[in-house]
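Undergrad: Here you go, target.tsv (TSV, C-alpha atoms):
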```tsv
chain	number	residue	atom	x	y	z
U	174	MET	CA	-112.75	-61.05	-93.83
U	175	ALA	CA	-112.36	-64.57	-92.40
U	176	ARG	CA	-113.86	-65.35	-89.00
U	177	ASP	CA	-110.46	-66.29	-87.54
U	178	GLU	CA	-109.27	-62.77	-88.39
U	179	LEU	CA	-112.00	-61.39	-86.15
U	180	LEU	CA	-110.97	-63.62	-83.28
U	181	HIS	CA	-107.20	-63.42	-83.39
U	182	ASP	CA	-106.73	-60.53	-80.94
U	183	ILE	CA	-108.80	-61.85	-78.04
U	184	PRO	CA	-106.65	-61.55	-74.89
U	185	ASP	CA	-105.44	-64.80	-73.36
U	186	SER	CA	-107.70	-65.93	-70.54
U	187	PRO	CA	-109.37	-69.14	-69.35
U	188	GLY	CA	-112.64	-68.21	-71.05
U	189	ASP	CA	-111.24	-67.63	-74.54
U	190	ALA	CA	-112.69	-70.82	-75.96
U	191	ILE	CA	-116.23	-69.67	-75.16
U	192	ILE	CA	-117.16	-67.17	-77.85
U	193	ALA	CA	-120.87	-67.10	-78.58
U	194	ALA	CA	-120.79	-64.36	-81.23
U	195	ALA	CA	-118.51	-61.80	-82.87
U	196	GLY	CA	-119.66	-58.25	-83.39
U	197	LEU	CA	-118.72	-54.60	-83.55
U	198	ASP	CA	-119.59	-51.26	-82.04
U	199	THR	CA	-119.37	-47.94	-83.83
U	200	ASP	CA	-120.51	-44.32	-83.63
U	201	ALA	CA	-121.21	-44.30	-87.36
U	202	ILE	CA	-124.49	-44.97	-89.13
U	203	CYS	CA	-124.26	-48.52	-90.47
U	204	ALA	CA	-127.31	-48.84	-92.69
U	205	PRO	CA	-125.39	-48.36	-95.97
U	206	PHE	CA	-122.98	-51.12	-94.95
U	207	ALA	CA	-125.39	-53.64	-93.43
U	208	SER	CA	-124.91	-56.41	-96.00
U	209	GLN	CA	-121.13	-55.92	-96.03
U	210	ILE	CA	-120.97	-56.15	-92.23
U	211	ALA	CA	-122.89	-59.41	-92.29
U	212	GLY	CA	-120.71	-60.64	-95.15
U	213	ASP	CA	-117.61	-59.93	-93.06
U	214	HIS	CA	-118.78	-62.58	-90.56
U	215	PHE	CA	-120.01	-60.25	-87.86
U	216	ASP	CA	-123.05	-61.50	-85.95
U	217	PHE	CA	-124.17	-58.33	-84.19
U	218	VAL	CA	-123.80	-54.55	-84.11
U	219	VAL	CA	-123.81	-52.36	-81.00
U	220	ARG	CA	-125.13	-48.88	-81.72
U	221	CYS	CA	-125.81	-45.80	-79.63
U	222	TYR	CA	-129.01	-44.22	-78.45
U	223	ARG	CA	-128.15	-40.53	-78.81
U	224	PRO	CA	-131.26	-38.41	-78.25
U	225	ASP	CA	-129.72	-35.11	-79.40
U	226	SER	CA	-127.71	-36.35	-82.38
U	227	VAL	CA	-128.45	-37.56	-85.89
U	228	SER	CA	-125.69	-40.17	-85.45
U	229	GLY	CA	-127.78	-42.24	-83.03
U	230	LEU	CA	-129.57	-45.43	-83.98
U	231	SER	CA	-132.77	-44.82	-85.95
U	232	LYS	CA	-135.63	-47.15	-86.79
U	233	ALA	CA	-134.54	-47.17	-90.44
U	234	GLU	CA	-130.98	-48.17	-89.55
U	235	ALA	CA	-132.14	-50.82	-87.10
U	236	THR	CA	-134.45	-52.27	-89.74
U	237	ALA	CA	-131.64	-52.39	-92.33
U	238	LEU	CA	-129.25	-54.16	-89.96
U	239	VAL	CA	-131.83	-56.74	-88.94
U	240	ALA	CA	-132.80	-57.33	-92.57
U	241	ALA	CA	-129.15	-58.18	-93.28
U	242	GLY	CA	-129.29	-60.91	-90.63
U	243	LEU	CA	-127.55	-59.01	-87.83
U	244	SER	CA	-128.59	-58.78	-84.21
U	245	LEU	CA	-128.62	-55.44	-82.42
U	246	ALA	CA	-127.46	-54.28	-79.02
U	247	VAL	CA	-127.72	-50.72	-77.75
U	248	VAL	CA	-125.86	-48.39	-75.42
U	249	PHE	CA	-127.28	-45.08	-74.26
U	250	GLU	CA	-124.90	-42.18	-74.79
U	251	GLY	CA	-126.55	-38.96	-73.76
U	252	VAL	CA	-123.21	-37.25	-73.19
U	253	PRO	CA	-120.38	-38.88	-75.19
U	254	GLY	CA	-117.25	-39.14	-73.04
U	255	ALA	CA	-119.13	-38.00	-69.93
U	256	LYS	CA	-116.99	-36.78	-67.04
U	257	PRO	CA	-117.27	-38.32	-63.55
U	258	ALA	CA	-119.52	-35.45	-62.45
U	259	HIS	CA	-122.22	-36.81	-64.79
U	260	TYR	CA	-122.69	-39.88	-62.63
U	261	VAL	CA	-125.00	-38.75	-59.84
U	262	ALA	CA	-128.30	-40.13	-58.62
U	263	ALA	CA	-130.29	-37.22	-60.06
U	264	GLN	CA	-128.98	-37.91	-63.57
U	265	GLY	CA	-130.03	-41.56	-63.57
U	266	PRO	CA	-133.78	-41.01	-64.08
U	267	ARG	CA	-133.13	-38.45	-66.84
U	268	ASP	CA	-130.86	-40.81	-68.76
U	269	ALA	CA	-133.23	-43.72	-68.22
U	270	ALA	CA	-136.18	-41.72	-69.54
U	271	ALA	CA	-134.25	-40.62	-72.63
U	272	ALA	CA	-133.12	-44.19	-73.29
U	273	LEU	CA	-136.66	-45.53	-72.92
U	274	LEU	CA	-137.93	-42.98	-75.42
U	275	GLN	CA	-135.34	-44.08	-77.96
U	276	ALA	CA	-136.20	-47.74	-77.34
U	277	GLU	CA	-139.87	-46.99	-77.98
U	278	ARG	CA	-139.05	-45.17	-81.23
U	279	ILE	CA	-137.20	-48.10	-82.75
U	280	GLY	CA	-139.47	-50.78	-81.30
U	281	GLN	CA	-136.88	-52.44	-79.07
U	282	PRO	CA	-138.52	-55.57	-77.65
U	283	ALA	CA	-139.09	-56.13	-73.95
U	284	GLY	CA	-136.55	-58.34	-72.20
U	285	SER	CA	-133.59	-57.09	-74.21
U	286	ALA	CA	-130.98	-54.79	-72.66
U	287	ILE	CA	-130.02	-51.15	-72.66
U	288	TYR	CA	-126.39	-50.61	-71.71
U	289	PHE	CA	-125.30	-47.43	-69.94
U	290	PRO	CA	-121.62	-46.45	-70.10
U	291	VAL	CA	-119.20	-45.41	-67.41
U	292	ASP	CA	-116.66	-44.24	-69.93
U	293	THR	CA	-113.97	-43.25	-67.45
U	294	ASP	CA	-111.52	-45.17	-65.27
U	295	MET	CA	-113.07	-44.61	-61.86
U	296	LEU	CA	-111.30	-45.43	-58.64
U	297	LEU	CA	-113.24	-47.38	-56.01
U	298	ASP	CA	-114.29	-44.13	-54.34
U	299	GLY	CA	-115.82	-42.92	-57.59
U	300	VAL	CA	-117.60	-46.20	-58.18
U	301	THR	CA	-119.03	-46.13	-54.67
U	302	ASN	CA	-120.07	-42.48	-54.60
U	303	ARG	CA	-121.03	-41.94	-58.24
U	304	ALA	CA	-121.64	-45.09	-60.27
U	305	LEU	CA	-123.62	-46.90	-57.56
U	306	PRO	CA	-126.17	-44.10	-56.96
U	307	TYR	CA	-126.45	-43.42	-60.70
U	308	PHE	CA	-127.16	-47.05	-61.56
U	309	THR	CA	-129.49	-47.48	-58.60
U	310	ALA	CA	-131.60	-44.68	-60.05
U	311	ILE	CA	-131.42	-46.16	-63.56
U	312	ARG	CA	-132.44	-49.61	-62.37
U	313	ASP	CA	-135.38	-48.19	-60.42
U	314	ALA	CA	-136.53	-46.14	-63.43
U	315	LEU	CA	-136.34	-49.08	-65.85
U	316	ALA	CA	-138.11	-51.34	-63.37
U	317	ALA	CA	-141.00	-48.86	-63.19
U	318	ALA	CA	-141.33	-48.50	-66.96
U	319	PRO	CA	-144.25	-50.19	-68.76
U	320	VAL	CA	-141.87	-52.05	-71.10
U	321	LYS	CA	-139.25	-53.96	-69.15
U	322	TYR	CA	-135.61	-53.91	-70.24
U	323	ARG	CA	-132.55	-55.35	-68.60
U	324	VAL	CA	-129.80	-53.00	-67.44
U	325	GLY	CA	-126.27	-53.33	-68.80
U	326	VAL	CA	-123.10	-51.41	-68.03
U	327	TYR	CA	-120.09	-50.60	-70.21
U	328	GLY	CA	-116.96	-49.79	-68.27
U	329	SER	CA	-113.85	-50.94	-66.50
U	330	GLY	CA	-113.47	-54.28	-64.78
U	331	LEU	CA	-113.90	-52.58	-61.42
U	332	VAL	CA	-117.10	-50.84	-62.50
U	333	CYS	CA	-118.56	-53.96	-64.14
U	334	GLU	CA	-117.77	-56.27	-61.24
U	335	THR	CA	-118.93	-53.89	-58.52
U	336	LEU	CA	-122.26	-53.10	-60.17
U	337	LYS	CA	-122.92	-56.75	-61.03
U	338	ASN	CA	-122.11	-57.90	-57.50
U	339	ARG	CA	-124.45	-55.25	-56.08
U	340	GLY	CA	-127.28	-56.48	-58.31
U	341	LEU	CA	-127.61	-53.15	-60.10
U	342	VAL	CA	-126.95	-54.49	-63.60
U	343	ASP	CA	-127.90	-57.68	-65.37
U	344	LEU	CA	-125.19	-57.59	-68.02
U	345	THR	CA	-121.64	-56.28	-68.32
U	346	TRP	CA	-119.65	-55.03	-71.30
U	347	LEU	CA	-115.96	-54.70	-70.52
U	348	SER	CA	-114.18	-51.73	-72.11
U	349	GLY	CA	-111.27	-52.56	-74.36
U	350	ARG	CA	-109.03	-50.15	-72.45
U	351	THR	CA	-106.78	-52.76	-70.89
U	352	GLY	CA	-105.11	-50.28	-68.54
U	353	TRP	CA	-108.34	-49.49	-66.73
U	354	ILE	CA	-108.73	-50.87	-63.22
U	355	GLY	CA	-109.74	-54.51	-63.00
U	356	HIS	CA	-109.57	-55.29	-66.70
U	357	ALA	CA	-107.47	-58.44	-66.48
U	358	ASP	CA	-109.45	-59.85	-63.55
U	359	TYR	CA	-112.78	-59.35	-65.28
U	360	ALA	CA	-111.89	-60.28	-68.86
U	361	ASP	CA	-113.31	-63.80	-68.63
U	362	LYS	CA	-116.43	-62.75	-66.67
U	363	ALA	CA	-117.95	-60.09	-68.94
U	364	ASP	CA	-120.94	-60.84	-71.13
U	365	LEU	CA	-119.40	-58.63	-73.82
U	366	LEU	CA	-115.70	-57.95	-74.31
U	367	GLN	CA	-114.49	-55.02	-76.42
U	368	VAL	CA	-111.11	-55.31	-78.13
U	369	LEU	CA	-109.04	-52.25	-79.00
U	370	PRO	CA	-107.54	-50.73	-81.07
U	371	GLY	CA	-110.31	-50.38	-83.57
U	372	MET	CA	-110.22	-51.31	-87.22
U	373	ARG	CA	-111.69	-50.16	-90.51
U	374	ILE	CA	-113.96	-52.41	-92.55
U	375	CYS	CA	-116.13	-52.10	-95.65
U	376	ASN	CA	-113.18	-51.03	-97.81
U	377	GLY	CA	-111.99	-48.65	-95.14
U	378	GLN	CA	-115.24	-46.69	-95.04
U	379	LEU	CA	-116.40	-47.72	-91.55
U	380	ALA	CA	-114.40	-47.36	-88.32
U	381	VAL	CA	-115.38	-49.94	-85.71
U	382	ASP	CA	-114.28	-51.65	-82.52
U	383	ARG	CA	-114.56	-55.40	-82.30
U	384	ASP	CA	-116.65	-57.06	-79.60
U	385	TYR	CA	-117.05	-60.66	-78.51
U	386	ALA	CA	-120.02	-62.13	-76.71
U	387	ARG	CA	-119.13	-64.71	-74.10
U	388	ALA	CA	-122.79	-65.48	-73.43
U	389	ALA	CA	-125.43	-66.53	-75.94
U	390	ASP	CA	-127.76	-63.91	-74.45
U	391	PHE	CA	-126.14	-60.53	-73.88
U	392	GLY	CA	-129.32	-58.50	-74.28
U	393	GLN	CA	-129.24	-58.43	-78.07
U	394	PHE	CA	-132.44	-58.26	-80.08
U	395	SER	CA	-134.09	-58.28	-83.46
U	396	LEU	CA	-137.20	-56.43	-84.61
U	397	SER	CA	-140.57	-57.97	-85.32
```
Show this structure as structure tokens.

TA:
Amino acid sequence: MARDELLHDIPDSPGDAIIAAAGLDTDAICAPFASQIAGDHFDFVVRCYRPDSVSGLSKAEATALVAAGLSLAVVFEGVPGAKPAHYVAAQGPRDAAAALLQAERIGQPAGSAIYFPVDTDMLLDGVTNRALPYFTAIRDALAAAPVKYRVGVYGSGLVCETLKNRGLVDLTWLSGRTGWIGHADYADKADLLQVLPGMRICNGQLAVDRDYARAADFGQFSLS
């Protein structure tokens, strides 16, 4: 796959010329395809921390991806497709603790980021009453941890912009769902931009979404 094929679907916006890296995110285990992913001109892979699932990122998979020359980024997904009721202050410390345990298991280095998703199109009332308390608790928990990680959010433009403006997240990953609130206004501000629909690579064996980094540092990491 040529690099211009990866870039051809980026939405028009003033920031389009600034693409630091091209990558992908997927729910699937990528270790068997690591060299093919790198050969297809991807620079990084975003994988999930899933504490109760074998499909989450493991140390072995992380090692294979890094050995192929790819950078890693991670998103915690304790409850895939979580409903709005998940986002309450009391849940924040539980999710943060689970994410920190996964980070310790794979050896994620300090200073990199753990993204937490708001995988629903919240109205402003939901952002104010649910996402803000949830991320306040997450930020406090990560700040108190012995290994320091930055906090990222995956979500709509409204979610990303509100949390960033409130100082609750360091990095933002804009969902590829263009109909979600605030997408167009935030498309050239996000550190990571997801592009949908997804695609299949590695001879059709791996389903992925494409992602573009607008900043050289979006919390990605390697392993020592």

Undergrad: Name the residues in contact with Tyr322 of chain U at a cut-off of 6 Å, using all atoms listed in the file, excluding same-chain residues fewer than 5 positions from it; report them as number ranges by chain.

TA: U: 283-286

Undergrad: For a test of reading the model, state the distance in Å between atom CA of Val227 of chain U and atom CA of Leu274 of chain U, rounded to one decimal.

TA: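 Spanning atom CA of Val227 of chain U to atom CA of Leu274 of chain U is a straight-line distance of 15.1 Å.
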
Undergrad: Between atom CA of Ala263 of chain U and atom CA of Leu245 of chain U, what is the distance in Å, rounded to a tenth?

TA: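 Value for the atom CA of Ala263 of chain U-atom CA of Leu245 of chain U distance: 28.9 Å.
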
Undergrad: For atom CA of Val324 of chain U and atom CA of Gly352 of chain U, determine how far apart the two atoms are, in Å to one decimal place.

TA: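 We find that atom CA of Val324 of chain U and atom CA of Gly352 of chain U lie 24.9 Å from each other.
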
Undergrad: Which residues are near Gly242 of chain U? Cut-off 10 Å, all atoms listed in the file, ignore same chain within fewer than 4 positions. Put them as a ChimeraX atom specification.

TA: /U:207-208,210-212,215-217,237-238,395

Undergrad: Pick the closest to Ala357 of chain U from U:Ala233, U:Gly377, U:Gly330, U:Ile287: which is it, counting all atoms listed in the file?

TA: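 Of U:Ala233, U:Gly377, U:Gly330, U:Ile287, the one nearest Ala357 of chain U is U:Gly330, counting all atoms listed in the file.
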
Undergrad: From the block I gave, I'd like segment 329-377 of chain U written with C-alpha atoms, as a short mmCIF file (atom, residue, chain, number, x, y, z; two decimals), in the first residue's frame.

TA:
```
data_model
loop_
_atom_site.label_atom_id
_atom_site.label_comp_id
_atom_site.auth_asym_id
_atom_site.auth_seq_id
_atom_site.Cartn_x
_atom_site.Cartn_y
_atom_site.Cartn_z
CA SER U 329 -16.49 13.68 19.78
CA GLY U 330 -15.28 17.16 19.03
CA LEU U 331 -17.40 18.50 21.87
CA VAL U 332 -15.98 16.00 24.35
CA CYS U 333 -12.38 16.53 23.22
CA GLU U 334 -12.56 20.32 23.23
CA THR U 335 -14.38 20.60 26.54
CA LEU U 336 -12.05 18.27 28.42
CA LYS U 337 -8.93 19.85 26.90
CA ASN U 338 -10.11 23.37 27.73
CA ARG U 339 -10.82 22.30 31.32
CA GLY U 340 -7.30 20.92 31.66
CA LEU U 341 -8.51 17.39 32.34
CA VAL U 342 -6.71 15.76 29.41
CA ASP U 343 -3.35 16.31 27.80
CA LEU U 344 -4.15 14.77 24.44
CA THR U 345 -7.21 14.34 22.24
CA TRP U 346 -8.16 11.68 19.70
CA LEU U 347 -11.11 12.71 17.57
CA SER U 348 -13.56 9.95 16.67
CA GLY U 349 -14.07 9.32 12.98
CA ARG U 350 -17.84 9.60 13.40
CA THR U 351 -18.26 12.84 11.50
CA GLY U 352 -21.88 13.30 12.58
CA TRP U 353 -20.96 13.57 16.25
CA ILE U 354 -21.20 17.00 17.85
CA GLY U 355 -18.29 19.32 17.17
CA HIS U 356 -16.44 17.09 14.72
CA ALA U 357 -15.90 19.65 11.98
CA ASP U 358 -14.85 22.38 14.41
CA TYR U 359 -12.29 20.18 16.12
CA ALA U 360 -10.87 18.26 13.15
CA ASP U 361 -7.77 20.44 12.83
CA LYS U 362 -7.15 20.67 16.60
CA ALA U 363 -6.97 17.00 17.61
CA ASP U 364 -3.65 15.31 18.30
CA LEU U 365 -5.03 12.16 16.65
CA LEU U 366 -7.71 12.02 13.98
CA GLN U 367 -9.55 8.79 13.19
CA VAL U 368 -10.93 8.30 9.68
CA LEU U 369 -13.91 6.07 8.99
CA PRO U 370 -15.06 3.81 7.41
CA GLY U 371 -12.48 1.23 8.24
CA MET U 372 -10.51 -0.88 5.82
CA ARG U 373 -8.98 -4.33 5.59
CA ILE U 374 -5.24 -4.81 5.21
CA CYS U 375 -2.79 -7.72 5.25
CA ASN U 376 -4.57 -9.48 2.39
CA GLY U 377 -7.93 -8.81 3.96
#
```
